[in-house]
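**Student:** Have a peek at protein_18.cif (mmCIF, C-alpha atoms (C1' of nucleotides)).
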data_start
loop_
_atom_site.label_atom_id
_atom_site.label_comp_id
_atom_site.auth_asym_id
_atom_site.auth_seq_id
_atom_site.Cartn_x
_atom_site.Cartn_y
_atom_site.Cartn_z
CA MET G 226 138.11 76.83 68.99
CA THR G 227 139.61 74.88 66.14
CA SER G 228 138.53 77.72 63.95
CA THR G 229 140.10 80.46 66.06
CA PHE G 230 143.58 79.15 65.29
CA ALA G 231 142.68 78.84 61.63
CA VAL G 232 141.38 82.40 61.57
CA LEU G 233 144.53 83.72 63.25
CA ALA G 234 146.73 81.71 60.88
CA ASP G 235 146.28 84.39 58.24
CA PRO G 236 148.73 87.31 58.67
CA SER G 237 146.34 89.84 57.14
CA ARG G 238 143.74 89.00 59.74
CA ARG G 239 146.22 89.33 62.57
CA GLU G 240 147.22 92.68 61.14
CA ILE G 241 143.58 93.76 61.10
CA LEU G 242 143.24 92.77 64.74
CA ASP G 243 146.37 94.74 65.59
CA LEU G 244 144.94 97.79 63.83
CA LEU G 245 141.76 97.48 65.89
CA ARG G 246 143.51 96.83 69.18
CA GLU G 247 143.64 100.41 70.42
CA GLU G 248 140.27 101.70 69.21
CA GLU G 249 137.42 100.88 66.91
CA ARG G 250 137.92 101.79 63.25
CA PRO G 251 135.82 102.00 60.09
CA VAL G 252 136.57 99.71 57.15
CA GLY G 253 138.03 102.57 55.13
CA TYR G 254 140.78 103.02 57.70
CA LEU G 255 141.81 99.39 57.29
CA VAL G 256 141.74 99.77 53.51
CA GLN G 257 144.14 102.71 53.88
CA GLN G 258 146.56 100.89 56.15
CA LEU G 259 146.70 97.53 54.39
CA THR G 260 147.72 96.86 50.81
CA LEU G 261 144.74 94.63 50.10
CA ALA G 262 141.74 95.41 47.92
CA GLN G 263 138.65 96.55 49.78
CA PRO G 264 136.61 93.42 48.98
CA THR G 265 139.42 91.26 50.30
CA ILE G 266 139.35 93.15 53.56
CA SER G 267 135.59 92.86 53.82
CA LYS G 268 135.94 89.12 53.42
CA HIS G 269 138.51 88.94 56.19
CA LEU G 270 136.22 90.99 58.38
CA LYS G 271 133.41 88.55 57.74
CA VAL G 272 135.65 85.67 58.78
CA LEU G 273 136.70 87.55 61.91
CA ARG G 274 133.07 88.36 62.71
CA GLU G 275 131.93 84.77 62.34
CA ALA G 276 134.78 83.67 64.59
CA GLY G 277 133.64 86.17 67.21
CA LEU G 278 136.95 88.02 67.07
CA VAL G 279 135.45 91.38 66.06
CA GLU G 280 132.14 93.18 66.42
CA VAL G 281 130.60 95.87 64.26
CA ARG G 282 128.71 99.05 64.95
CA THR G 283 126.76 100.68 62.13
CA ASP G 284 126.91 104.46 61.70
CA ALA G 285 125.24 105.60 58.48
CA GLN G 286 127.31 104.03 55.67
CA LYS G 287 130.26 103.43 57.96
CA ARG G 288 130.83 100.23 59.88
CA TRP G 289 133.03 100.62 62.95
CA TYR G 290 134.85 97.44 63.88
CA ARG G 291 136.34 96.59 67.24
CA VAL G 292 138.11 93.60 68.79
CA SER G 293 135.99 91.12 70.68
CA PRO G 294 138.59 89.30 72.75
CA GLN G 295 136.82 86.22 74.07
CA PRO G 296 138.20 83.75 71.50
CA LEU G 297 141.67 85.06 72.31
CA ALA G 298 141.04 84.22 75.93
CA GLU G 299 140.24 80.67 74.87
CA ILE G 300 143.54 80.42 73.03
CA ASP G 301 145.21 81.70 76.16
CA ALA G 302 143.45 78.97 78.12
CA TRP G 303 144.60 76.33 75.64
CA LEU G 304 148.17 77.51 76.16
CA ALA G 305 147.88 77.34 79.93
CA PRO G 306 148.98 73.72 80.50
CA TYR G 307 152.06 74.32 78.34
CA ARG G 308 152.99 77.57 80.01
CA ARG G 309 155.12 76.09 82.77
CA MET G 310 157.37 74.62 80.06
CA TRP G 311 158.80 77.98 79.19
CA GLU G 312 158.10 79.82 82.41
CA LYS G 313 160.46 77.46 84.15
CA SER G 314 163.35 78.64 82.00
CA LEU G 315 162.19 82.24 82.23
CA ASP G 316 162.20 81.91 86.01
CA ALA G 317 165.73 80.57 85.84
CA LEU G 318 166.71 83.52 83.70
CA GLU G 319 165.15 85.92 86.17
CA ARG G 320 167.00 84.31 89.05
CA ARG G 321 170.25 84.69 87.14
CA LEU G 322 169.49 88.35 86.56
CA ASP G 323 168.60 88.81 90.21
CA GLU G 324 171.89 87.26 91.18
CA ILE G 325 173.76 89.63 88.92
CA GLU G 326 171.85 92.60 90.29
CA GLY G 327 172.49 91.36 93.78
CA ASP G 328 176.23 91.74 93.21
CA MET S 53 155.43 83.16 63.97
CA THR S 54 152.96 83.32 61.15
CA SER S 55 153.60 79.66 60.59
CA THR S 56 153.08 78.67 64.23
CA PHE S 57 149.43 79.66 64.05
CA ALA S 58 149.06 77.80 60.76
CA VAL S 59 150.61 74.70 62.25
CA LEU S 60 148.34 74.86 65.30
CA ALA S 61 145.31 75.41 63.08
CA ASP S 62 145.15 71.70 62.42
CA PRO S 63 143.28 69.79 65.16
CA SER S 64 145.28 66.60 64.61
CA ARG S 65 148.50 68.47 65.26
CA ARG S 66 147.12 70.05 68.44
CA GLU S 67 146.07 66.59 69.56
CA ILE S 68 149.59 65.32 68.94
CA LEU S 69 151.00 68.14 71.06
CA ASP S 70 148.53 67.31 73.81
CA LEU S 71 149.63 63.67 73.73
CA LEU S 72 153.26 64.76 74.08
CA ARG S 73 152.62 67.31 76.79
CA GLU S 74 153.30 65.08 79.78
CA GLU S 75 156.18 63.00 78.47
CA GLU S 76 158.04 62.08 75.30
CA ARG S 77 156.47 59.34 73.19
CA PRO S 78 157.44 57.20 70.21
CA VAL S 79 155.51 57.51 66.95
CA GLY S 80 153.79 54.17 67.49
CA TYR S 81 152.09 55.52 70.59
CA LEU S 82 150.62 58.38 68.59
CA VAL S 83 149.47 55.95 65.90
CA GLN S 84 147.66 53.97 68.61
CA GLN S 85 145.94 57.00 70.13
CA LEU S 86 144.87 58.80 66.96
CA THR S 87 142.67 57.46 64.20
CA LEU S 88 145.01 58.57 61.42
CA ALA S 89 147.20 56.39 59.25
CA GLN S 90 150.84 56.17 60.28
CA PRO S 91 152.15 58.07 57.24
CA THR S 92 149.72 60.87 57.95
CA ILE S 93 151.03 61.14 61.49
CA SER S 94 154.63 61.12 60.30
CA LYS S 95 153.76 63.96 58.01
CA HIS S 96 152.22 65.98 60.83
CA LEU S 97 155.31 65.31 62.91
CA LYS S 98 157.45 66.68 60.14
CA VAL S 99 155.40 69.86 60.06
CA LEU S 100 155.64 70.17 63.83
CA ARG S 101 159.39 69.60 63.71
CA GLU S 102 159.96 72.22 61.04
CA ALA S 103 157.91 74.68 63.08
CA GLY S 104 160.10 73.96 66.10
CA LEU S 105 157.16 72.69 68.11
CA VAL S 106 158.59 69.22 68.72
CA GLU S 107 161.99 67.62 68.92
CA VAL S 108 163.03 64.02 68.26
CA ARG S 109 165.38 61.62 69.94
CA THR S 110 166.45 58.51 68.05
CA ASP S 111 166.58 55.17 69.88
CA ALA S 112 167.22 52.28 67.46
CA GLN S 113 164.19 52.23 65.16
CA LYS S 114 162.08 54.26 67.56
CA ARG S 115 161.83 58.01 67.45
CA TRP S 116 160.83 59.65 70.73
CA TYR S 117 159.07 62.96 70.25
CA ARG S 118 158.68 65.70 72.84
CA VAL S 119 157.22 69.19 72.92
CA SER S 120 159.56 72.07 72.28
CA PRO S 121 157.63 75.00 73.69
CA GLN S 122 159.39 78.09 72.41
CA PRO S 123 156.98 78.82 69.52
CA LEU S 124 154.13 78.56 72.01
CA ALA S 125 155.84 81.22 74.09
CA GLU S 126 155.86 83.47 71.03
CA ILE S 127 152.13 82.98 70.60
CA ASP S 128 151.74 83.86 74.23
CA ALA S 129 153.75 87.01 73.62
CA TRP S 130 151.56 87.93 70.65
CA LEU S 131 148.52 87.62 72.88
CA ALA S 132 150.02 89.81 75.58
CA PRO S 133 148.79 93.24 74.37
CA TYR S 134 145.25 91.87 74.07
CA ARG S 135 145.28 90.23 77.46
CA ARG S 136 144.01 93.24 79.43
CA MET S 137 140.87 93.17 77.28
CA TRP S 138 139.58 90.07 78.96
CA GLU S 139 141.45 90.35 82.22
CA LYS S 140 139.59 93.57 82.87
CA SER S 141 136.25 91.77 82.78
CA LEU S 142 137.66 88.88 84.77
CA ASP S 143 138.77 91.38 87.39
CA ALA S 144 135.29 92.85 87.43
CA LEU S 145 133.86 89.37 87.90
CA GLU S 146 136.26 88.75 90.75
CA ARG S 147 135.26 91.99 92.43
CA ARG S 148 131.60 91.03 92.14
CA LEU S 149 132.34 87.68 93.73
CA ASP S 150 134.33 89.38 96.47
CA GLU S 151 131.39 91.65 97.16
CA ILE S 152 129.05 88.71 97.46
CA GLU S 153 131.45 86.91 99.74
CA GLY S 154 131.77 90.08 101.76
CA ASP S 155 128.05 89.98 102.59
"C1'" DC H 71 172.37 38.71 54.62
"C1'" DG H 72 167.36 38.18 54.93
"C1'" DC H 73 163.38 39.31 57.58
"C1'" DG H 74 160.37 41.98 60.75
"C1'" DT H 75 159.61 46.24 63.03
"C1'" DA H 76 159.37 51.30 63.16
"C1'" DT H 77 159.16 55.37 60.75
"C1'" DA H 78 159.63 58.45 56.69
"C1'" DT H 79 158.81 59.81 51.83
"C1'" DT H 80 156.32 59.96 47.43
"C1'" DC H 81 152.48 60.46 44.74
"C1'" DC H 82 148.08 61.00 44.08
"C1'" DG H 83 142.80 63.18 44.49
"C1'" DA H 84 139.99 66.28 46.55
"C1'" DT H 85 139.05 70.27 49.07
"C1'" DC H 86 139.92 74.93 50.91
"C1'" DG H 87 141.24 79.52 51.09
"C1'" DA H 88 143.35 83.96 49.67
"C1'" DG H 89 143.22 87.37 46.37
"C1'" DC H 90 141.25 89.76 42.44
"C1'" DT H 91 137.45 92.07 39.39
"C1'" DA H 92 132.86 93.10 38.78
"C1'" DT H 93 128.57 93.98 40.81
"C1'" DA H 94 125.11 94.71 44.44
"C1'" DT H 95 123.48 97.08 48.59
"C1'" DT H 96 122.75 100.77 51.75
"C1'" DG H 97 122.53 105.48 53.18
"C1'" DC H 98 123.37 110.41 52.66
"C1'" DT H 99 122.87 114.64 50.01
"C1'" DG H 100 121.48 117.90 46.71
"C1'" DC Q 75 115.12 110.50 42.98
"C1'" DA Q 76 119.98 110.93 40.99
"C1'" DG Q 77 124.37 110.32 42.26
"C1'" DC Q 78 128.18 109.57 45.29
"C1'" DA Q 79 130.32 107.24 49.23
"C1'" DA Q 80 131.08 103.15 52.03
"C1'" DT Q 81 130.85 98.46 52.40
"C1'" DA Q 82 129.36 93.74 51.16
"C1'" DT Q 83 128.65 89.79 48.02
"C1'" DA Q 84 129.44 86.86 43.91
"C1'" DG Q 85 132.24 84.48 40.75
"C1'" DC Q 86 136.68 83.08 39.43
"C1'" DT Q 87 141.60 81.27 39.57
"C1'" DC Q 88 145.64 79.58 41.61
"C1'" DG Q 89 148.27 77.49 45.02
"C1'" DA Q 90 148.44 75.09 49.39
"C1'" DT Q 91 147.21 71.22 52.20
"C1'" DC Q 92 144.89 67.21 54.30
"C1'" DG Q 93 144.36 62.39 53.96
"C1'" DG Q 94 145.33 57.87 52.12
"C1'" DA Q 95 147.88 53.96 49.52
"C1'" DA Q 96 152.11 52.42 48.05
"C1'" DT Q 97 156.85 52.43 48.65
"C1'" DA Q 98 161.34 53.44 50.66
"C1'" DT Q 99 164.66 53.65 54.46
"C1'" DA Q 100 166.80 52.33 58.86
"C1'" DC Q 101 167.72 49.23 62.42
"C1'" DG Q 102 168.09 44.90 65.07
"C1'" DC Q 103 168.12 39.92 65.14
"C1'" DG Q 104 168.85 35.20 63.98
#
Just give me the structure of the file as C-alpha coordinates.

**Tutor:**
Amino acid sequence: MTSTFAVLADPSRREILDLLREEERPVGYLVQQLTLAQPTISKHLKVLREAGLVEVRTDAQKRWYRVSPQPLAEIDAWLAPYRRMWEKSLDALERRLDEIEGD
Amino acid sequence: MTSTFAVLADPSRREILDLLREEERPVGYLVQQLTLAQPTISKHLKVLREAGLVEVRTDAQKRWYRVSPQPLAEIDAWLAPYRRMWEKSLDALERRLDEIEGD
DNA sequence: CGCGTATATTCCGATCGAGCTATATTGCTG
DNA sequence: CAGCAATATAGCTCGATCGGAATATACGCG
(Lines of atoms letter the chains of each structure in order from A and count residues from 1; the text may use other names and numbers.)
(Lines give C-alpha, C1' and ligand atoms only; values in the text may rest on other atoms or scores of the structure.)
Protein backbone atom coordinates (compact mmCIF):
# COMPACT_ATOMS: atom_id res chain seq x y z
CA MET A 1 0.00 0.00 0.00
CA THR A 2 2.98 2.21 0.67
CA SER A 3 3.62 2.04 -3.02
CA THR A 4 0.10 3.03 -4.07
CA PHE A 5 0.55 6.49 -2.57
CA ALA A 6 3.96 6.77 -4.19
CA VAL A 7 2.52 5.77 -7.55
CA LEU A 8 -0.31 8.30 -7.24
CA ALA A 9 2.14 11.02 -6.16
CA ASP A 10 3.07 11.59 -9.78
CA PRO A 11 0.64 13.95 -11.58
CA SER A 12 1.21 12.33 -14.97
CA ARG A 13 0.12 8.99 -13.59
CA ARG A 14 -3.00 10.46 -12.04
CA GLU A 15 -3.75 12.06 -15.37
CA ILE A 16 -3.37 8.69 -17.08
CA LEU A 17 -5.80 7.16 -14.61
CA ASP A 18 -8.26 9.97 -15.25
CA LEU A 19 -8.00 9.36 -18.99
CA LEU A 20 -8.77 5.68 -18.44
CA ARG A 21 -11.59 6.25 -15.99
CA GLU A 22 -14.46 6.20 -18.47
CA GLU A 23 -13.30 3.47 -20.84
CA GLU A 24 -10.28 1.45 -21.80
CA ARG A 25 -7.84 3.14 -24.18
CA PRO A 26 -4.81 2.16 -26.26
CA VAL A 27 -1.41 3.67 -25.50
CA GLY A 28 -1.54 5.86 -28.60
CA TYR A 29 -4.57 7.68 -27.22
CA LEU A 30 -2.64 8.56 -24.06
CA VAL A 31 0.31 9.72 -26.16
CA GLN A 32 -2.07 12.05 -28.02
CA GLN A 33 -3.62 13.51 -24.89
CA LEU A 34 -0.49 14.00 -22.79
CA THR A 35 2.55 16.05 -23.66
CA LEU A 36 4.99 13.32 -22.70
CA ALA A 37 7.14 11.23 -25.00
CA GLN A 38 5.78 7.78 -25.77
CA PRO A 39 8.53 5.91 -23.88
CA THR A 40 7.84 8.02 -20.82
CA ILE A 41 4.20 7.04 -20.94
CA SER A 42 5.06 3.39 -21.37
CA LYS A 43 7.19 3.61 -18.26
CA HIS A 44 4.37 5.16 -16.28
CA LEU A 45 2.07 2.42 -17.51
CA LYS A 46 4.53 -0.18 -16.30
CA VAL A 47 4.57 1.43 -12.86
CA LEU A 48 0.78 1.55 -12.81
CA ARG A 49 0.59 -2.09 -13.90
CA GLU A 50 2.99 -3.26 -11.22
CA ALA A 51 1.00 -1.35 -8.63
CA GLY A 52 -2.16 -3.11 -9.80
CA LEU A 53 -3.79 0.18 -10.77
CA VAL A 54 -4.29 -0.72 -14.44
CA GLU A 55 -4.69 -3.86 -16.51
CA VAL A 56 -3.89 -4.46 -20.16
CA ARG A 57 -5.60 -6.28 -22.97
CA THR A 58 -3.62 -7.14 -26.09
CA ASP A 59 -5.22 -6.63 -29.51
CA ALA A 60 -2.72 -7.12 -32.34
CA GLN A 61 -0.11 -4.37 -31.85
CA LYS A 62 -2.42 -2.34 -29.66
CA ARG A 63 -2.52 -2.59 -25.90
CA TRP A 64 -5.80 -1.47 -24.34
CA TYR A 65 -5.40 -0.23 -20.79
CA ARG A 66 -8.12 0.07 -18.19
CA VAL A 67 -8.32 1.07 -14.53
CA SER A 68 -8.11 -1.69 -11.95
CA PRO A 69 -9.53 0.01 -8.88
CA GLN A 70 -8.64 -2.26 -5.99
CA PRO A 71 -5.60 -0.29 -4.77
CA LEU A 72 -7.78 2.81 -4.79
CA ALA A 73 -10.19 1.02 -2.52
CA GLU A 74 -7.32 0.39 -0.12
CA ILE A 75 -6.49 4.08 -0.07
CA ASP A 76 -10.12 4.74 0.63
CA ALA A 77 -9.94 2.29 3.52
CA TRP A 78 -6.83 4.01 4.88
CA LEU A 79 -8.72 7.29 4.86
CA ALA A 80 -11.69 5.81 6.69
CA PRO A 81 -10.60 6.45 10.30
CA TYR A 82 -9.87 10.09 9.43
CA ARG A 83 -13.12 10.64 7.60
CA ARG A 84 -15.18 11.70 10.60
CA MET A 85 -12.74 14.59 11.08
CA TRP A 86 -14.07 16.42 8.09
CA GLU A 87 -17.49 14.86 7.86
CA LYS A 88 -18.32 16.40 11.19
CA SER A 89 -17.84 19.88 9.78
CA LEU A 90 -19.57 18.93 6.55
CA ASP A 91 -22.53 17.72 8.59
CA ALA A 92 -22.58 21.04 10.41
CA LEU A 93 -22.53 22.82 7.08
CA GLU A 94 -25.42 20.71 5.84
CA ARG A 95 -27.43 21.45 8.95
CA ARG A 96 -26.84 25.15 8.42
CA LEU A 97 -28.02 24.84 4.84
CA ASP A 98 -31.06 22.86 5.95
CA GLU A 99 -31.89 25.58 8.43
CA ILE A 100 -31.67 28.21 5.73
CA GLU A 101 -33.84 26.15 3.41
CA GLY A 102 -36.26 25.57 6.23
CA ASP A 103 -36.89 29.32 6.43
CA MET B 1 -3.28 18.37 -4.14
CA THR B 2 -0.42 16.93 -6.11
CA SER B 3 1.73 17.49 -3.08
CA THR B 4 -0.65 15.79 -0.65
CA PHE B 5 -0.11 12.45 -2.35
CA ALA B 6 3.64 13.03 -2.36
CA VAL B 7 3.60 13.84 1.33
CA LEU B 8 1.55 10.74 2.13
CA ALA B 9 3.85 8.60 -0.01
CA ASP B 10 6.31 8.44 2.84
CA PRO B 11 5.47 5.68 5.37
CA SER B 12 7.05 7.55 8.27
CA ARG B 13 4.78 10.51 7.64
CA ARG B 14 1.69 8.29 7.47
CA GLU B 15 2.76 6.74 10.75
CA ILE B 16 3.07 10.19 12.29
CA LEU B 17 -0.46 11.02 11.15
CA ASP B 18 -1.72 7.76 12.62
CA LEU B 19 -0.07 8.61 15.94
CA LEU B 20 -1.80 12.00 15.93
CA ARG B 21 -5.18 10.69 14.86
CA GLU B 22 -6.69 10.25 18.31
CA GLU B 23 -5.26 13.27 20.10
CA GLU B 24 -2.62 15.98 19.80
CA ARG B 25 0.90 14.99 20.86
CA PRO B 26 4.21 16.72 21.51
CA VAL B 27 7.22 15.95 19.33
CA GLY B 28 8.88 13.95 22.09
CA TYR B 29 6.05 11.44 22.01
CA LEU B 30 6.61 10.85 18.32
CA VAL B 31 10.35 10.47 18.92
CA GLN B 32 9.55 7.78 21.49
CA GLN B 33 7.18 5.85 19.23
CA LEU B 34 9.15 5.95 15.99
CA THR B 35 12.65 4.66 15.40
CA LEU B 36 13.82 7.82 13.65
CA ALA B 37 16.19 10.45 14.97
CA GLN B 38 14.56 13.56 16.41
CA PRO B 39 15.78 15.88 13.64
CA THR B 40 14.38 13.53 11.04
CA ILE B 41 10.98 13.66 12.73
CA SER B 42 11.11 17.44 12.95
CA LYS B 43 11.78 17.51 9.26
CA HIS B 44 8.80 15.29 8.51
CA LEU B 45 6.65 17.51 10.70
CA LYS B 46 7.73 20.50 8.69
CA VAL B 47 6.69 18.77 5.48
CA LEU B 48 3.36 17.82 7.02
CA ARG B 49 2.83 21.38 8.24
CA GLU B 50 3.57 22.92 4.87
CA ALA B 51 1.14 20.49 3.26
CA GLY B 52 -1.53 21.56 5.74
CA LEU B 53 -1.83 18.06 7.15
CA VAL B 54 -0.93 19.01 10.72
CA GLU B 55 -1.11 22.08 12.91
CA VAL B 56 1.00 23.04 15.92
CA ARG B 57 0.25 24.59 19.25
CA THR B 58 3.13 26.02 21.28
CA ASP B 59 3.27 25.36 25.03
CA ALA B 60 6.58 26.56 26.52
CA GLN B 61 9.25 24.42 24.87
CA LYS B 62 6.75 21.79 23.79
CA ARG B 63 5.00 21.81 20.46
CA TRP B 64 1.71 19.92 20.36
CA TYR B 65 0.86 18.61 16.92
CA ARG B 66 -2.58 17.58 15.69
CA VAL B 67 -4.06 16.39 12.41
CA SER B 68 -5.56 18.98 10.13
CA PRO B 69 -7.73 16.88 7.85
CA GLN B 70 -8.66 19.13 4.97
CA PRO B 71 -6.05 17.81 2.50
CA LEU B 72 -7.29 14.31 3.28
CA ALA B 73 -10.77 15.43 2.32
CA GLU B 74 -9.38 16.55 -1.03
CA ILE B 75 -7.87 13.13 -1.60
CA ASP B 76 -11.22 11.67 -0.75
CA ALA B 77 -12.80 13.95 -3.33
CA TRP B 78 -10.28 12.88 -5.96
CA LEU B 79 -11.22 9.27 -5.29
CA ALA B 80 -14.93 9.97 -5.61
CA PRO B 81 -15.36 9.39 -9.37
CA TYR B 82 -13.56 6.06 -9.08
CA ARG B 83 -15.54 4.91 -6.09
CA ARG B 84 -18.38 3.27 -8.03
CA MET B 85 -15.80 0.97 -9.63
CA TRP B 86 -15.31 -0.96 -6.45
CA GLU B 87 -18.60 -0.22 -4.79
CA LYS B 88 -20.31 -1.99 -7.64
CA SER B 89 -18.51 -5.23 -6.84
CA LEU B 90 -19.04 -4.70 -3.13
CA ASP B 91 -22.74 -4.32 -3.84
CA ALA B 92 -22.67 -7.54 -5.81
CA LEU B 93 -20.95 -9.25 -2.90
CA GLU B 94 -23.57 -7.93 -0.54
CA ARG B 95 -26.36 -9.20 -2.75
CA ARG B 96 -24.74 -12.64 -2.83
CA LEU B 97 -24.54 -12.64 0.94
CA ASP B 98 -28.15 -11.52 1.17
CA GLU B 99 -29.16 -14.39 -1.09
CA ILE B 100 -27.34 -16.88 1.10
CA GLU B 101 -28.91 -15.43 4.20
CA GLY B 102 -32.26 -15.57 2.49
CA ASP B 103 -31.98 -19.37 2.18
C1' DC C 1 22.81 34.68 33.32
C1' DG C 2 24.05 29.81 32.87
C1' DC C 3 22.25 25.27 32.29
C1' DG C 4 19.01 21.58 30.84
C1' DT C 5 15.16 20.39 28.07
C1' DA C 6 12.55 20.43 23.73
C1' DT C 7 12.53 21.24 19.06
C1' DA C 8 14.22 23.16 14.63
C1' DT C 9 17.75 24.00 11.02
C1' DT C 10 21.92 23.04 8.33
C1' DC C 11 24.84 20.29 5.84
C1' DC C 12 26.18 16.37 4.15
C1' DG C 13 26.02 11.37 1.35
C1' DA C 14 23.44 8.25 -0.95
C1' DT C 15 19.57 6.80 -3.40
C1' DC C 16 15.48 7.32 -6.38
C1' DG C 17 12.68 8.78 -9.96
C1' DA C 18 11.10 11.50 -14.01
C1' DG C 19 12.13 12.63 -18.50
C1' DC C 20 14.65 12.15 -22.79
C1' DT C 21 16.94 9.66 -26.99
C1' DA C 22 18.03 5.57 -29.13
C1' DT C 23 16.96 0.92 -29.85
C1' DA C 24 14.44 -3.46 -29.51
C1' DT C 25 10.20 -6.17 -29.97
C1' DT C 26 5.90 -7.64 -31.82
C1' DG C 27 2.38 -8.02 -35.26
C1' DC C 28 0.11 -6.76 -39.57
C1' DT C 29 0.29 -6.14 -44.54
C1' DG C 30 1.71 -6.21 -49.18
C1' DC D 1 10.10 -11.50 -45.87
C1' DA D 2 10.33 -6.24 -46.15
C1' DG D 3 8.52 -2.53 -44.11
C1' DC D 4 5.46 0.07 -41.26
C1' DA D 5 2.86 0.71 -36.97
C1' DA D 6 2.42 0.30 -32.00
C1' DT D 7 4.55 -0.32 -27.84
C1' DA D 8 8.33 -1.62 -24.67
C1' DT D 9 13.10 -1.54 -22.87
C1' DA D 10 17.79 0.33 -22.09
C1' DG D 11 20.92 3.84 -20.92
C1' DC D 12 21.64 8.38 -19.41
C1' DT D 13 21.24 12.88 -16.75
C1' DC D 14 19.42 15.96 -13.49
C1' DG D 15 17.02 17.24 -9.57
C1' DA D 16 14.57 15.88 -5.44
C1' DT D 17 14.51 13.59 -1.06
C1' DC D 18 15.37 10.49 2.88
C1' DG D 19 18.22 9.80 6.76
C1' DG D 20 21.79 11.03 10.00
C1' DA D 21 25.30 14.03 12.69
C1' DA D 22 26.26 18.41 14.22
C1' DT D 23 24.60 22.70 15.48
C1' DA D 24 21.32 26.38 16.49
C1' DT D 25 17.26 28.33 18.77
C1' DA D 26 13.77 28.89 22.40
C1' DC D 27 12.17 28.44 26.92
C1' DG D 28 12.08 27.70 31.95
C1' DC D 29 14.53 27.40 36.27
C1' DG D 30 17.70 28.17 39.95

**Student:** Any chance you could work out the residue set of the PyMOL selection byres ((chain Q and resi 90) around 9) here, as an MDAnalysis selection string?

**Tutor:** (chainID H and resid 86:87) or (chainID Q and resid 89 91)

**Student:** With the cut-off set at 9 Å and counting all atoms listed in the file, tabulate each residue of segment 233-311 of chain G with an atom at most that distance from an atom of segment 53-77 of chain S, showing the nearest atom pair and its distance in Å to one decimal, ordered by chain and increasing number, as JSON lines.

**Tutor:**
{"residue": "G:Leu233", "atom": "CA", "partner": "S:Phe57", "partner_atom": "CA", "distance": 6.4}
{"residue": "G:Ala234", "atom": "CA", "partner": "S:Ala58", "partner_atom": "CA", "distance": 4.6}
{"residue": "G:Asp235", "atom": "CA", "partner": "S:Thr54", "partner_atom": "CA", "distance": 7.4}
{"residue": "G:Pro236", "atom": "CA", "partner": "S:Thr54", "partner_atom": "CA", "distance": 6.3}
{"residue": "G:Pro306", "atom": "CA", "partner": "S:Arg73", "partner_atom": "CA", "distance": 8.3}
{"residue": "G:Tyr307", "atom": "CA", "partner": "S:Arg73", "partner_atom": "CA", "distance": 7.2}

**Student:** Show me the residues around (133.5, 90.8, 48.5) - criterion: an atom at most 6 Å away, all atoms listed in the file counted - as a list in words.

**Tutor:**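 Protein and nucleic acid residues near the point are Pro264 and Lys268 of chain G; DA82 and DT83 of chain Q.
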
**Student:** Do you know which residues the PyMOL selection byres ((chain S) within 9 of (chain Q)) returns on this file, as a list of chain:residue names?

**Tutor:**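 That expression, the PyMOL selection byres ((chain S) within 9 of (chain Q)), corresponds here to S:Leu88, S:Ala89, S:Pro91, S:Thr92, S:Ala112, S:Gln113.
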
**Student:** Would you mind reading off the distance between atom CA of Gln263 of chain G and atom C1' of DT93 of chain H, one decimal, in Å?

**Tutor:** 13.7 Å

**Student:** At what distance in Å, to one decimal, does atom CA of Leu82 of chain S lie from atom CA of Leu97 of chain S?

**Tutor:**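 Answer for the atom CA of Leu97 of chain S to atom CA of Leu82 of chain S separation: 10.1 Å.
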
**Student:** Interatomic distance between atom CA of Ser293 of chain G and atom CA of Lys271 of chain G?

**Tutor:** 13.4 Å

**Student:** With 8 Å as the cut-off and only C-alpha atoms (C1' of nucleotides) counted, what is the closest atom pair between each nearby residue of chain S and chain H? Distances in Å to one decimal, ordered by chain and number, as CSV.

**Tutor:**
residue,atom,partner,partner_atom,distance
S:Val79,CA,H:DT77,C1',7.5
S:Gly80,CA,H:DA76,C1',7.6
S:Pro91,CA,H:DA78,C1',7.5
S:Ser94,CA,H:DA78,C1',6.7
S:Gln113,CA,H:DA76,C1',5.3
S:Lys114,CA,H:DA76,C1',6.0
S:Arg115,CA,H:DT77,C1',7.7

**Student:** Find the axis-aligned box for segment 78-83 of chain H, covering all its listed atoms and adding 5 Å on each side, and write its centre and edge lengths in Å to one decimal as JSON.

**Tutor:**
{"center_x": 151.2, "center_y": 60.8, "center_z": 50.4, "size_x": 26.8, "size_y": 14.7, "size_z": 22.6}

**Student:** On this structure, the PyMOL selection byres ((chain S and resi 131) around 12) would catch which residues? List them as a JSON list (two decimals) with C-alpha atoms, keeping the file's coordinate frame, sorted by chain and number.

**Tutor:**
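What ended up in part24.json:
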[["chain", "number", "residue", "atom", "x", "y", "z"],
["G", 233, "LEU", "CA", 144.53, 83.72, 63.25],
["G", 239, "ARG", "CA", 146.22, 89.33, 62.57],
["G", 242, "LEU", "CA", 143.24, 92.77, 64.74],
["G", 243, "ASP", "CA", 146.37, 94.74, 65.59],
["G", 246, "ARG", "CA", 143.51, 96.83, 69.18],
["G", 294, "PRO", "CA", 138.59, 89.30, 72.75],
["G", 295, "GLN", "CA", 136.82, 86.22, 74.07],
["G", 296, "PRO", "CA", 138.20, 83.75, 71.50],
["G", 297, "LEU", "CA", 141.67, 85.06, 72.31],
["G", 298, "ALA", "CA", 141.04, 84.22, 75.93],
["G", 299, "GLU", "CA", 140.24, 80.67, 74.87],
["G", 300, "ILE", "CA", 143.54, 80.42, 73.03],
["G", 301, "ASP", "CA", 145.21, 81.70, 76.16],
["G", 302, "ALA", "CA", 143.45, 78.97, 78.12],
["G", 304, "LEU", "CA", 148.17, 77.51, 76.16],
["S", 57, "PHE", "CA", 149.43, 79.66, 64.05],
["S", 124, "LEU", "CA", 154.13, 78.56, 72.01],
["S", 125, "ALA", "CA", 155.84, 81.22, 74.09],
["S", 126, "GLU", "CA", 155.86, 83.47, 71.03],
["S", 127, "ILE", "CA", 152.13, 82.98, 70.60],
["S", 128, "ASP", "CA", 151.74, 83.86, 74.23],
["S", 129, "ALA", "CA", 153.75, 87.01, 73.62],
["S", 130, "TRP", "CA", 151.56, 87.93, 70.65],
["S", 132, "ALA", "CA", 150.02, 89.81, 75.58],
["S", 133, "PRO", "CA", 148.79, 93.24, 74.37],
["S", 134, "TYR", "CA", 145.25, 91.87, 74.07],
["S", 135, "ARG", "CA", 145.28, 90.23, 77.46],
["S", 136, "ARG", "CA", 144.01, 93.24, 79.43],
["S", 137, "MET", "CA", 140.87, 93.17, 77.28],
["S", 138, "TRP", "CA", 139.58, 90.07, 78.96]]

**Student:** With distances taken over all atoms listed in the file, which of G:Val256, G:Val281, G:Val292, G:Ile266 is nearest to chain S?

**Tutor:**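 Ranked by minimum distance to chain S, first place goes to G:Val292.
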
**Student:** Under the rule that only C-alpha atoms are counted, which of S:His96, S:Asp111, S:Glu102, S:Arg118 is the nearest residue to chain G?

**Tutor:**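 Checking each candidate against chain G, we get S:Arg118 as the closest.
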
**Student:** Which of these residues is nearest to chain S, using all atoms listed in the file: G:Glu312, G:Glu280, G:Arg274, G:Gln257?

**Tutor:**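 Answer, going by the shortest atom-to-atom distance: G:Glu312.
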